[in-house]
>>> print(open('target.cif').read())   # mmCIF, C-alpha atoms and all ligand atoms
data_run
#
loop_
_atom_site.label_atom_id
_atom_site.label_comp_id
_atom_site.auth_asym_id
_atom_site.auth_seq_id
_atom_site.Cartn_x
_atom_site.Cartn_y
_atom_site.Cartn_z
CA MET Q 1 37.60 41.04 -35.65
CA ASN Q 2 37.52 44.73 -36.43
CA GLU Q 3 34.17 45.75 -37.86
CA ARG Q 4 35.75 48.55 -39.76
CA GLU Q 5 39.06 49.63 -41.21
CA VAL Q 6 40.27 53.23 -41.08
CA GLN Q 7 38.78 54.58 -44.26
CA PHE Q 8 37.53 58.08 -44.60
CA GLU Q 9 36.15 59.50 -47.81
CA ASP Q 10 37.83 62.88 -47.50
CA SER Q 11 41.47 62.04 -47.87
CA GLY Q 12 42.02 65.44 -49.52
CA SER Q 13 45.05 66.11 -51.68
CA LEU Q 14 47.07 63.35 -50.07
CA GLN Q 15 50.58 62.88 -51.41
CA PRO Q 16 51.17 59.18 -51.98
CA PHE Q 17 53.75 57.68 -49.64
CA PRO Q 18 57.11 57.21 -51.31
CA GLU Q 19 57.86 53.65 -52.33
CA ALA Q 20 59.87 52.03 -49.60
CA ARG Q 21 61.07 48.64 -48.57
CA GLY Q 22 59.40 46.74 -45.77
CA PRO Q 23 55.97 46.87 -44.22
CA ARG Q 24 53.62 49.73 -44.98
CA VAL Q 25 53.62 52.89 -42.93
CA VAL Q 26 50.72 52.86 -40.47
CA LEU Q 27 51.33 56.18 -38.75
CA ARG Q 28 53.17 59.07 -40.29
CA ALA Q 29 53.81 62.49 -38.81
CA GLN Q 30 55.00 64.98 -41.37
CA GLY Q 31 56.30 68.45 -40.60
CA LEU Q 32 54.61 68.31 -37.23
CA THR Q 33 54.75 71.58 -35.32
CA LYS Q 34 53.28 72.35 -31.92
CA VAL Q 35 53.52 75.83 -30.50
CA TYR Q 36 51.56 77.09 -27.52
CA PRO Q 37 51.00 80.82 -27.99
CA ALA Q 38 52.07 83.30 -25.32
CA VAL Q 39 49.32 83.98 -22.82
CA ALA Q 40 48.57 87.68 -22.24
CA GLY Q 41 49.93 88.75 -18.84
CA ALA Q 42 51.97 85.55 -18.33
CA ALA Q 43 55.72 85.81 -17.85
CA ALA Q 44 56.55 83.07 -20.36
CA GLY Q 45 56.38 83.71 -24.09
CA GLU Q 46 55.24 81.15 -26.63
CA VAL Q 47 56.25 77.55 -26.02
CA GLU Q 48 57.54 75.72 -29.10
CA LEU Q 49 57.63 72.00 -28.43
CA PHE Q 50 58.60 70.86 -31.90
CA ARG Q 51 58.76 72.26 -35.40
CA GLY Q 52 58.82 70.21 -38.59
CA LEU Q 53 59.01 66.86 -36.80
CA ASP Q 54 58.79 63.72 -38.97
CA LEU Q 55 58.04 60.19 -37.84
CA GLU Q 56 57.08 57.00 -39.63
CA VAL Q 57 55.87 53.93 -37.81
CA ARG Q 58 55.54 50.80 -39.91
CA ALA Q 59 53.10 47.93 -39.49
CA GLY Q 60 54.13 45.63 -36.66
CA GLU Q 61 56.83 47.91 -35.26
CA MET Q 62 57.16 48.67 -31.58
CA VAL Q 63 58.77 52.10 -31.30
CA ALA Q 64 59.96 53.54 -28.01
CA ILE Q 65 60.17 57.29 -27.41
CA VAL Q 66 62.38 58.52 -24.60
CA GLY Q 67 63.19 62.07 -23.56
CA GLU Q 68 63.34 64.37 -20.59
CA SER Q 69 60.25 65.50 -18.77
CA GLY Q 70 58.69 68.42 -20.63
CA ALA Q 71 60.25 67.42 -23.97
CA GLY Q 72 56.79 67.02 -25.51
CA LYS Q 73 56.41 63.22 -25.54
CA SER Q 74 52.83 63.21 -24.26
CA THR Q 75 51.91 66.01 -26.65
CA LEU Q 76 53.30 63.96 -29.56
CA LEU Q 77 51.31 60.90 -28.49
CA HIS Q 78 48.15 63.03 -28.19
CA LEU Q 79 48.69 64.24 -31.75
CA LEU Q 80 49.11 60.64 -32.99
CA ALA Q 81 45.83 59.71 -31.27
CA ALA Q 82 43.85 62.69 -32.62
CA LEU Q 83 43.45 63.89 -29.03
CA ASP Q 84 44.98 67.24 -30.02
CA LYS Q 85 45.64 69.16 -33.24
CA PRO Q 86 49.06 70.35 -34.40
CA THR Q 87 49.88 74.00 -35.06
CA ALA Q 88 51.14 72.88 -38.47
CA GLY Q 89 51.98 69.63 -40.22
CA GLU Q 90 49.93 66.49 -40.38
CA VAL Q 91 49.52 63.02 -38.93
CA TYR Q 92 48.43 60.38 -41.42
CA CYS Q 93 46.98 57.05 -40.44
CA GLY Q 94 46.91 55.10 -43.67
CA GLU Q 95 45.13 57.48 -46.01
CA ALA Q 96 43.38 59.46 -43.31
CA ARG Q 97 44.61 62.93 -42.36
CA LEU Q 98 43.94 63.38 -38.68
CA SER Q 99 43.81 67.18 -38.73
CA ARG Q 100 40.87 67.00 -41.14
CA PHE Q 101 38.77 64.80 -38.91
CA THR Q 102 35.48 66.17 -37.74
CA SER Q 103 35.04 65.74 -34.00
CA LYS Q 104 32.87 62.67 -34.73
CA GLN Q 105 35.58 61.10 -36.90
CA ALA Q 106 38.19 61.88 -34.24
CA SER Q 107 36.14 60.19 -31.52
CA GLU Q 108 35.51 57.16 -33.75
CA PHE Q 109 39.23 56.97 -34.47
CA ARG Q 110 40.01 57.06 -30.75
CA ASN Q 111 37.26 54.57 -29.94
CA ARG Q 112 38.12 51.98 -32.59
CA ASP Q 113 41.48 52.49 -34.25
CA VAL Q 114 43.88 53.33 -31.43
CA GLY Q 115 44.25 51.86 -27.99
CA TYR Q 116 45.65 54.37 -25.52
CA VAL Q 117 47.25 53.62 -22.17
CA TRP Q 118 48.08 56.40 -19.71
CA GLN Q 119 50.63 56.41 -16.90
CA PHE Q 120 47.73 56.72 -14.50
CA HIS Q 121 45.06 54.24 -15.50
CA TYR Q 122 41.90 56.44 -15.11
CA LEU Q 123 39.71 53.46 -14.28
CA LEU Q 124 36.35 54.03 -12.61
CA PRO Q 125 36.98 52.61 -9.10
CA GLU Q 126 33.35 51.67 -8.33
CA PHE Q 127 33.01 49.62 -11.50
CA THR Q 128 34.33 46.09 -11.87
CA ALA Q 129 37.40 45.28 -13.91
CA VAL Q 130 35.25 43.77 -16.65
CA GLU Q 131 32.93 46.81 -16.77
CA ASN Q 132 35.95 49.12 -17.01
CA ALA Q 133 37.48 47.04 -19.77
CA ALA Q 134 34.15 47.08 -21.65
CA MET Q 135 33.79 50.89 -21.49
CA PRO Q 136 34.84 51.68 -25.10
CA LEU Q 137 32.28 49.16 -26.38
CA LEU Q 138 29.50 50.33 -24.04
CA ALA Q 139 30.28 53.95 -25.00
CA ARG Q 140 29.64 53.16 -28.64
CA GLY Q 141 26.35 51.44 -27.81
CA MET Q 142 27.29 47.76 -28.08
CA GLU Q 143 24.80 45.47 -26.35
CA ARG Q 144 25.92 45.00 -22.73
CA GLY Q 145 26.18 41.19 -22.71
CA ALA Q 146 28.30 41.15 -25.86
CA ALA Q 147 30.49 43.99 -24.59
CA LEU Q 148 31.14 42.25 -21.27
CA GLN Q 149 31.90 38.98 -23.02
CA ARG Q 150 34.53 40.65 -25.18
CA ALA Q 151 35.96 42.43 -22.14
CA GLU Q 152 36.24 39.06 -20.33
CA TYR Q 153 38.30 37.73 -23.22
CA TRP Q 154 40.68 40.71 -23.02
CA LEU Q 155 40.99 40.41 -19.24
CA GLY Q 156 42.14 36.86 -19.89
CA GLU Q 157 44.69 38.18 -22.39
CA VAL Q 158 46.15 40.52 -19.74
CA GLY Q 159 46.29 37.72 -17.16
CA LEU Q 160 43.33 38.84 -15.06
CA GLY Q 161 40.82 36.21 -16.03
CA SER Q 162 39.87 35.47 -12.43
CA ARG Q 163 39.74 39.09 -11.22
CA GLY Q 164 37.10 40.42 -13.58
CA HIS Q 165 34.36 40.85 -11.01
CA HIS Q 166 36.42 42.77 -8.48
CA ARG Q 167 35.91 46.50 -8.36
CA SER Q 168 38.87 48.17 -10.01
CA GLY Q 169 39.46 50.23 -6.85
CA GLU Q 170 40.24 46.96 -5.02
CA LEU Q 171 42.98 45.90 -7.41
CA SER Q 172 46.72 46.52 -7.07
CA GLY Q 173 48.50 49.14 -9.21
CA GLY Q 174 49.84 46.52 -11.60
CA GLU Q 175 46.42 44.85 -11.92
CA GLN Q 176 44.80 48.23 -12.57
CA GLN Q 177 47.27 48.92 -15.36
CA ARG Q 178 46.44 45.49 -16.82
CA VAL Q 179 42.74 46.41 -16.81
CA SER Q 180 43.55 49.67 -18.57
CA LEU Q 181 45.49 47.66 -21.17
CA ALA Q 182 42.44 45.41 -21.66
CA ARG Q 183 40.28 48.53 -22.04
CA ALA Q 184 42.70 49.89 -24.67
CA LEU Q 185 42.65 46.64 -26.64
CA VAL Q 186 38.98 45.64 -26.32
CA PRO Q 187 38.03 47.48 -29.55
CA GLU Q 188 40.77 45.41 -31.25
CA PRO Q 189 42.63 48.40 -32.62
CA LYS Q 190 45.66 48.03 -34.90
CA ILE Q 191 47.59 50.74 -33.05
CA LEU Q 192 48.60 50.86 -29.41
CA LEU Q 193 49.90 54.11 -27.89
CA ALA Q 194 51.20 53.92 -24.33
CA ASP Q 195 52.38 56.95 -22.35
CA GLU Q 196 54.73 55.83 -19.55
CA PRO Q 197 52.50 52.85 -18.72
CA THR Q 198 54.99 51.56 -16.15
CA GLY Q 199 55.87 54.98 -14.70
CA ASP Q 200 53.76 54.53 -11.58
CA LEU Q 201 54.76 50.92 -10.91
CA ASP Q 202 57.61 49.39 -8.91
CA SER Q 203 60.35 47.82 -11.01
CA LYS Q 204 59.16 44.20 -10.76
CA THR Q 205 55.55 45.07 -11.59
CA GLY Q 206 56.74 47.45 -14.32
CA GLU Q 207 58.79 44.65 -15.88
CA ALA Q 208 55.74 42.35 -15.90
CA VAL Q 209 53.55 45.05 -17.50
CA PHE Q 210 56.22 45.83 -20.11
CA GLU Q 211 56.53 42.12 -20.98
CA LEU Q 212 52.76 41.89 -21.22
CA ILE Q 213 52.58 44.88 -23.60
CA GLN Q 214 55.36 43.45 -25.74
CA GLY Q 215 53.71 40.00 -25.77
CA LEU Q 216 50.31 41.43 -26.78
CA HIS Q 217 51.97 43.66 -29.39
CA ARG Q 218 53.48 40.56 -31.01
CA ALA Q 219 50.54 38.19 -30.55
CA HIS Q 220 48.00 40.62 -32.01
CA GLY Q 221 50.17 42.11 -34.75
CA LEU Q 222 49.89 45.61 -33.30
CA THR Q 223 51.77 48.72 -34.33
CA SER Q 224 52.86 50.34 -31.09
CA VAL Q 225 54.45 53.52 -29.76
CA LEU Q 226 55.65 53.39 -26.16
CA VAL Q 227 56.78 56.47 -24.26
CA THR Q 228 59.02 55.44 -21.39
CA HIS Q 229 61.74 56.70 -19.11
CA ASN Q 230 63.08 53.19 -18.82
CA THR Q 231 65.95 52.84 -21.31
CA ASP Q 232 66.12 49.09 -20.69
CA PHE Q 233 62.51 48.71 -21.93
CA ALA Q 234 63.16 51.17 -24.75
CA GLY Q 235 66.22 49.18 -25.87
CA ARG Q 236 64.06 46.04 -26.10
CA CYS Q 237 61.71 47.71 -28.61
CA ASP Q 238 62.35 47.56 -32.38
CA ARG Q 239 63.40 51.20 -32.47
CA MET Q 240 64.30 53.78 -29.86
CA LEU Q 241 63.86 57.50 -30.54
CA ARG Q 242 64.75 60.39 -28.29
CA LEU Q 243 62.68 63.57 -28.36
CA LYS Q 244 65.08 66.36 -27.54
CA GLY Q 245 65.10 70.02 -28.44
CA GLY Q 246 62.04 69.50 -30.64
CA ARG Q 247 63.72 66.79 -32.75
CA LEU Q 248 63.44 63.02 -32.86
CA GLU Q 249 66.83 61.37 -32.79
CA GLU Q 250 67.06 57.69 -33.79
CA LEU Q 251 69.04 55.91 -31.04
CA LYS Q 252 68.33 52.40 -32.24
CA GLN Q 253 67.05 51.38 -35.65
CA ALA Q 254 65.11 48.34 -36.73
CA ASP Q 255 67.37 45.49 -37.91
N1 LIG L 301 48.34 74.50 -22.89
C1 LIG L 301 49.66 74.68 -22.74
N2 LIG L 301 50.21 75.91 -22.82
C2 LIG L 301 51.54 76.08 -22.72
N3 LIG L 301 52.43 75.08 -22.51
C3 LIG L 301 51.94 73.84 -22.42
C4 LIG L 301 50.55 73.55 -22.54
N4 LIG L 301 50.37 72.22 -22.42
C5 LIG L 301 51.60 71.69 -22.23
N5 LIG L 301 52.54 72.66 -22.23
C6 LIG L 301 53.98 72.47 -22.04
O1 LIG L 301 54.48 71.60 -22.99
C7 LIG L 301 55.63 70.94 -22.48
C8 LIG L 301 55.64 69.48 -22.89
O2 LIG L 301 54.65 68.77 -22.21
P1 LIG L 301 54.49 67.18 -22.38
O3 LIG L 301 54.11 66.85 -23.78
O4 LIG L 301 53.57 66.76 -21.31
O5 LIG L 301 55.98 66.65 -22.11
P2 LIG L 301 56.50 65.23 -21.63
O6 LIG L 301 55.40 64.25 -21.81
O7 LIG L 301 57.68 64.95 -22.52
O8 LIG L 301 56.92 65.37 -20.21
C9 LIG L 301 55.65 71.17 -20.98
O9 LIG L 301 56.71 72.03 -20.70
C10 LIG L 301 54.31 71.80 -20.71
O10 LIG L 301 54.42 72.76 -19.70
MG MG L 302 54.39 63.04 -20.48
#
>>> encode(input="target.cif", output="structure tokens", more="lines below")
Ligand SMILES: Nc1ncnc2c1ncn2[C@@H]1O[C@H](COP(=O)(O)OP(=O)(O)O)[C@@H](O)[C@H]1O
Ligand SMILES: [Mg+2]
Amino acid sequence: MNEREVQFEDSGSLQPFPEARGPRVVLRAQGLTKVYPAVAGAAAGEVELFRGLDLEVRAGEMVAIVGESGAGKSTLLHLLAALDKPTAGEVYCGEARLSRFTSKQASEFRNRDVGYVWQFHYLLPEFTAVENAAMPLLARGMERGAALQRAEYWLGEVGLGSRGHHRSGELSGGEQQRVSLARALVPEPKILLADEPTGDLDSKTGEAVFELIQGLHRAHGLTSVLVTHNTDFAGRCDRMLRLKGGRLEELKQAD
């Protein structure tokens, strides 16, 4: 159970979402612009990744984002996770406006409301799988026994029930990515953001990790955004979008 829903008092002058069919919008990027300013003395001028980008992700959807390297996919995912702030535009999660978060609200949002999986897992190799999976709970001060118990449950969910007491540095690449998935889901967030989670894995292991993500997405009613280079995986998501030239092109729409 989540102890808390995303609800922040300062929702500002939020425009109500337009009435639409289907499930509610969970994540909405509106007019999103990201420009890196020119650095004095550097040869390159300013870098404009996207300008006025819009995206809506509805409850329960699994949306894939594809695009060439350097297109800005990771930057977009960072903005959706309140890991970075846009130059202009806004990301809404329900009623919350991410650009208005204080740093404390942003870290709470990242700790509780979104699960994030990176291409490289960033586990702590000297700690066991269960300790790694429990990190978000330990970081917020949950009692150790309770945190480890919840992490054990999530290791079971990712198919690593028997490997919990191995150091993460002793696990295979696929197992490590499973631990990082357990760590992302241990706070029981509603949103899962995954940035090329199978990019470092061989094709068989990548297939197993993709199937696991899709299975957990469905079983736990998540709303997910998956960045991937694998167009087969992307085609098996509800929607496939391509980030190209600063625009999101819909390659496959929900039925
Ligand atoms: N601080 C920065 N200053 C200037 N350019 C940056 C900065 N951070 C990232 N970039 C550029 O933004 C582009 C998009 O990066 P990224 O979002 O990682 O793309 P992708 O994930 O699609 O490969 C890259 O060309 C990168 O060099
Ligand atoms: Mg990237």
>>> atom_distance(input="target.cif", atom1="atom CA of Q:Asp255", atom2="atom CA of Q:Gly22")
11.3 Å
>>> residues_near_ligand(input="target.cif", ligand="ligand MG 302 (chain L)", cutoff="9 Å", atoms="all atoms listed in the file", output="CSV table (one decimal) with C-alpha atoms, in the coordinates of the input")
chain,number,residue,atom,x,y,z
Q,69,SER,CA,60.2,65.5,-18.8
Q,70,GLY,CA,58.7,68.4,-20.6
Q,71,ALA,CA,60.2,67.4,-24.0
Q,72,GLY,CA,56.8,67.0,-25.5
Q,73,LYS,CA,56.4,63.2,-25.5
Q,74,SER,CA,52.8,63.2,-24.3
Q,75,THR,CA,51.9,66.0,-26.6
Q,77,LEU,CA,51.3,60.9,-28.5
Q,119,GLN,CA,50.6,56.4,-16.9
Q,195,ASP,CA,52.4,57.0,-22.4
Q,196,GLU,CA,54.7,55.8,-19.6
Q,227,VAL,CA,56.8,56.5,-24.3
Q,228,THR,CA,59.0,55.4,-21.4
>>> residues_near_point(input="target.cif", point="(49.0, 43.4, -32.4)", cutoff="12 Å", atoms="all atoms listed in the file", output="PDB file with C-alpha atoms, in the frame of the given file")
ATOM      1  CA  ALA Q  59      53.100  47.930 -39.490  1.00  0.00           C
ATOM      2  CA  GLY Q  60      54.130  45.630 -36.660  1.00  0.00           C
ATOM      3  CA  GLU Q  61      56.830  47.910 -35.260  1.00  0.00           C
ATOM      4  CA  MET Q  62      57.160  48.670 -31.580  1.00  0.00           C
ATOM      5  CA  ASP Q 113      41.480  52.490 -34.250  1.00  0.00           C
ATOM      6  CA  VAL Q 114      43.880  53.330 -31.430  1.00  0.00           C
ATOM      7  CA  GLY Q 115      44.250  51.860 -27.990  1.00  0.00           C
ATOM      8  CA  ALA Q 184      42.700  49.890 -24.670  1.00  0.00           C
ATOM      9  CA  LEU Q 185      42.650  46.640 -26.640  1.00  0.00           C
ATOM     10  CA  VAL Q 186      38.980  45.640 -26.320  1.00  0.00           C
ATOM     11  CA  GLU Q 188      40.770  45.410 -31.250  1.00  0.00           C
ATOM     12  CA  PRO Q 189      42.630  48.400 -32.620  1.00  0.00           C
ATOM     13  CA  LYS Q 190      45.660  48.030 -34.900  1.00  0.00           C
ATOM     14  CA  ILE Q 191      47.590  50.740 -33.050  1.00  0.00           C
ATOM     15  CA  LEU Q 192      48.600  50.860 -29.410  1.00  0.00           C
ATOM     16  CA  LEU Q 193      49.900  54.110 -27.890  1.00  0.00           C
ATOM     17  CA  LEU Q 212      52.760  41.890 -21.220  1.00  0.00           C
ATOM     18  CA  ILE Q 213      52.580  44.880 -23.600  1.00  0.00           C
ATOM     19  CA  GLN Q 214      55.360  43.450 -25.740  1.00  0.00           C
ATOM     20  CA  GLY Q 215      53.710  40.000 -25.770  1.00  0.00           C
ATOM     21  CA  LEU Q 216      50.310  41.430 -26.780  1.00  0.00           C
ATOM     22  CA  HIS Q 217      51.970  43.660 -29.390  1.00  0.00           C
ATOM     23  CA  ARG Q 218      53.480  40.560 -31.010  1.00  0.00           C
ATOM     24  CA  ALA Q 219      50.540  38.190 -30.550  1.00  0.00           C
ATOM     25  CA  HIS Q 220      48.000  40.620 -32.010  1.00  0.00           C
ATOM     26  CA  GLY Q 221      50.170  42.110 -34.750  1.00  0.00           C
ATOM     27  CA  LEU Q 222      49.890  45.610 -33.300  1.00  0.00           C
ATOM     28  CA  THR Q 223      51.770  48.720 -34.330  1.00  0.00           C
ATOM     29  CA  SER Q 224      52.860  50.340 -31.090  1.00  0.00           C
ATOM     30  CA  VAL Q 225      54.450  53.520 -29.760  1.00  0.00           C
TER      31      VAL Q 225
END
>>> residues_near_point(input="target.cif", point="(46.5, 49.6, -17.8)", cutoff="10 Å", atoms="only C-alpha atoms", output="list in words")
Tyr116, Val117, Trp118, Gln119, Phe120, His121, Tyr122, Leu123, Ala133, Val158, Gly173, Gly174, Glu175, Gln176, Gln177, Arg178, Val179, Ser180, Leu181, Ala182, Arg183, Ala184, Ala194, Pro197, Thr198, Val209 and Ile213 of chain Q
>>> closest_residue(input="target.cif", among="Q:Leu171, Q:Ala88, Q:Val35, Q:Ala64", to="ligand LIG 301 (chain L)", atoms="all atoms listed in the file")
Q:Val35
>>> closest_residue(input="target.cif", among="Q:Lys252, Q:Gln30, Q:His229, Q:Arg144", to="ligand LIG 301 (chain L)", atoms="all atoms listed in the file")
Q:His229
>>> atom_distance(input="target.cif", atom1="atom N4 of ligand LIG 301 (chain L)", atom2="atom CA of Q:Leu76")
11.3 Å
>>> closest_residue(input="target.cif", among="Q:Glu249, Q:Asp238, Q:Glu211, Q:Leu243", to="ligand LIG 301 (chain L)", atoms="only C-alpha atoms and all ligand atoms")
Q:Leu243
>>> axis_aligned_box(input="target.cif", around="ligand LIG 301 (chain L)", padding_each_side="5 Å", output="JSON")
{"center_x": 53.0, "center_y": 70.2, "center_z": -21.7, "size_x": 19.3, "size_y": 21.8, "size_z": 14.1}
>>> residues_around(input="target.cif", residues="Q:Leu49", least_positions_apart="2", cutoff="8 Å", atoms="all atoms listed in the file", output="PyMOL selection string")
chain Q and resi 33-36+47+51+71-72+245-246
>>> atom_distance(input="target.cif", atom1="atom CA of Q:Arg100", atom2="atom CA of Q:Arg112")
17.5 Å
>>> closest_residue(input="target.cif", among="Q:Ala208, Q:Trp154, Q:Pro125, Q:Leu248", to="ligand LIG 301 (chain L)", atoms="all atoms listed in the file")
Q:Leu248
>>> residues_around(input="target.cif", residues="Q:Phe127", least_positions_apart="6", cutoff="10 Å", atoms="all atoms listed in the file", output="MDAnalysis selection string")
chainID Q and resid 133 165:169
>>> closest_residue(input="target.cif", among="Q:Ser203, Q:Leu251, Q:Leu27, Q:Ala43", to="Q:Ala96", atoms="all atoms listed in the file")
Q:Leu27
>>> closest_residue(input="target.cif", among="Q:Arg140, Q:Ala40, Q:Gly164, Q:Leu226", to="Q:Leu80", atoms="all atoms listed in the file")
Q:Leu226
>>> residues_around(input="target.cif", residues="Q:Arg28", least_positions_apart="6", cutoff="12 Å", atoms="only C-alpha atoms", output="PyMOL selection string")
chain Q and resi 16-18+53-59+76+79-81+89-98+225
>>> decode(input="target.cif", residues="stretch 46-54 of chain Q", atoms="all heavy atoms", output="PDB file, in the first residue's frame")
ATOM      1  N   GLU Q  46      24.255  27.157 -28.370  1.00  0.00           N
ATOM      2  CA  GLU Q  46      23.266  26.539 -27.484  1.00  0.00           C
ATOM      3  C   GLU Q  46      22.743  25.240 -28.113  1.00  0.00           C
ATOM      4  O   GLU Q  46      22.731  25.086 -29.333  1.00  0.00           O
ATOM      5  CB  GLU Q  46      22.134  27.505 -27.168  1.00  0.00           C
ATOM      6  CG  GLU Q  46      21.260  27.847 -28.338  1.00  0.00           C
ATOM      7  CD  GLU Q  46      20.024  28.658 -27.917  1.00  0.00           C
ATOM      8  OE1 GLU Q  46      20.092  29.383 -26.909  1.00  0.00           O
ATOM      9  OE2 GLU Q  46      19.007  28.549 -28.620  1.00  0.00           O
ATOM     10  N   VAL Q  47      22.351  24.327 -27.221  1.00  0.00           N
ATOM     11  CA  VAL Q  47      21.811  23.045 -27.682  1.00  0.00           C
ATOM     12  C   VAL Q  47      20.323  23.030 -27.338  1.00  0.00           C
ATOM     13  O   VAL Q  47      19.963  23.082 -26.165  1.00  0.00           O
ATOM     14  CB  VAL Q  47      22.531  21.863 -26.977  1.00  0.00           C
ATOM     15  CG1 VAL Q  47      21.927  20.525 -27.419  1.00  0.00           C
ATOM     16  CG2 VAL Q  47      24.023  21.894 -27.243  1.00  0.00           C
ATOM     17  N   GLU Q  48      19.482  22.992 -28.375  1.00  0.00           N
ATOM     18  CA  GLU Q  48      18.042  22.922 -28.147  1.00  0.00           C
ATOM     19  C   GLU Q  48      17.596  21.489 -28.371  1.00  0.00           C
ATOM     20  O   GLU Q  48      17.675  20.978 -29.483  1.00  0.00           O
ATOM     21  CB  GLU Q  48      17.312  23.858 -29.106  1.00  0.00           C
ATOM     22  CG  GLU Q  48      15.807  23.809 -28.892  1.00  0.00           C
ATOM     23  CD  GLU Q  48      15.051  24.730 -29.834  1.00  0.00           C
ATOM     24  OE1 GLU Q  48      15.327  25.943 -29.810  1.00  0.00           O
ATOM     25  OE2 GLU Q  48      14.203  24.225 -30.593  1.00  0.00           O
ATOM     26  N   LEU Q  49      17.189  20.830 -27.297  1.00  0.00           N
ATOM     27  CA  LEU Q  49      16.776  19.429 -27.431  1.00  0.00           C
ATOM     28  C   LEU Q  49      15.339  19.316 -27.890  1.00  0.00           C
ATOM     29  O   LEU Q  49      15.016  18.516 -28.747  1.00  0.00           O
ATOM     30  CB  LEU Q  49      16.940  18.703 -26.098  1.00  0.00           C
ATOM     31  CG  LEU Q  49      18.369  18.386 -25.725  1.00  0.00           C
ATOM     32  CD1 LEU Q  49      18.402  17.517 -24.491  1.00  0.00           C
ATOM     33  CD2 LEU Q  49      19.057  17.663 -26.864  1.00  0.00           C
ATOM     34  N   PHE Q  50      14.454  20.076 -27.241  1.00  0.00           N
ATOM     35  CA  PHE Q  50      13.072  20.129 -27.715  1.00  0.00           C
ATOM     36  C   PHE Q  50      12.474  21.465 -27.310  1.00  0.00           C
ATOM     37  O   PHE Q  50      12.947  22.133 -26.403  1.00  0.00           O
ATOM     38  CB  PHE Q  50      12.213  18.954 -27.227  1.00  0.00           C
ATOM     39  CG  PHE Q  50      12.593  18.357 -25.918  1.00  0.00           C
ATOM     40  CD1 PHE Q  50      12.173  18.910 -24.724  1.00  0.00           C
ATOM     41  CD2 PHE Q  50      13.377  17.197 -25.867  1.00  0.00           C
ATOM     42  CE1 PHE Q  50      12.513  18.339 -23.508  1.00  0.00           C
ATOM     43  CE2 PHE Q  50      13.727  16.622 -24.650  1.00  0.00           C
ATOM     44  CZ  PHE Q  50      13.297  17.200 -23.470  1.00  0.00           C
ATOM     45  N   ARG Q  51      11.436  21.843 -28.056  1.00  0.00           N
ATOM     46  CA  ARG Q  51      10.756  23.106 -27.803  1.00  0.00           C
ATOM     47  C   ARG Q  51       9.259  22.866 -27.968  1.00  0.00           C
ATOM     48  O   ARG Q  51       8.817  22.368 -28.986  1.00  0.00           O
ATOM     49  CB  ARG Q  51      11.229  24.181 -28.797  1.00  0.00           C
ATOM     50  CG  ARG Q  51      10.626  25.560 -28.539  1.00  0.00           C
ATOM     51  CD  ARG Q  51      11.253  26.614 -29.433  1.00  0.00           C
ATOM     52  NE  ARG Q  51      12.658  26.855 -29.138  1.00  0.00           N
ATOM     53  CZ  ARG Q  51      13.115  27.641 -28.151  1.00  0.00           C
ATOM     54  NH1 ARG Q  51      12.271  28.256 -27.358  1.00  0.00           N
ATOM     55  NH2 ARG Q  51      14.407  27.798 -27.973  1.00  0.00           N
ATOM     56  N   GLY Q  52       8.507  23.157 -26.917  1.00  0.00           N
ATOM     57  CA  GLY Q  52       7.051  23.028 -27.012  1.00  0.00           C
ATOM     58  C   GLY Q  52       6.571  21.594 -27.153  1.00  0.00           C
ATOM     59  O   GLY Q  52       5.579  21.326 -27.824  1.00  0.00           O
ATOM     60  N   LEU Q  53       7.258  20.682 -26.503  1.00  0.00           N
ATOM     61  CA  LEU Q  53       6.894  19.251 -26.613  1.00  0.00           C
ATOM     62  C   LEU Q  53       5.716  18.922 -25.677  1.00  0.00           C
ATOM     63  O   LEU Q  53       5.702  19.355 -24.525  1.00  0.00           O
ATOM     64  CB  LEU Q  53       8.138  18.429 -26.256  1.00  0.00           C
ATOM     65  CG  LEU Q  53       8.056  16.908 -26.334  1.00  0.00           C
ATOM     66  CD1 LEU Q  53       9.391  16.369 -26.819  1.00  0.00           C
ATOM     67  CD2 LEU Q  53       7.752  16.330 -24.973  1.00  0.00           C
ATOM     68  N   ASP Q  54       4.750  18.181 -26.204  1.00  0.00           N
ATOM     69  CA  ASP Q  54       3.581  17.766 -25.418  1.00  0.00           C
ATOM     70  C   ASP Q  54       3.527  16.243 -25.330  1.00  0.00           C
ATOM     71  O   ASP Q  54       3.830  15.567 -26.311  1.00  0.00           O
ATOM     72  CB  ASP Q  54       2.278  18.238 -26.082  1.00  0.00           C
ATOM     73  CG  ASP Q  54       2.181  19.758 -26.151  1.00  0.00           C
ATOM     74  OD1 ASP Q  54       2.621  20.422 -25.194  1.00  0.00           O
ATOM     75  OD2 ASP Q  54       1.676  20.264 -27.165  1.00  0.00           O
TER      76      ASP Q  54
END
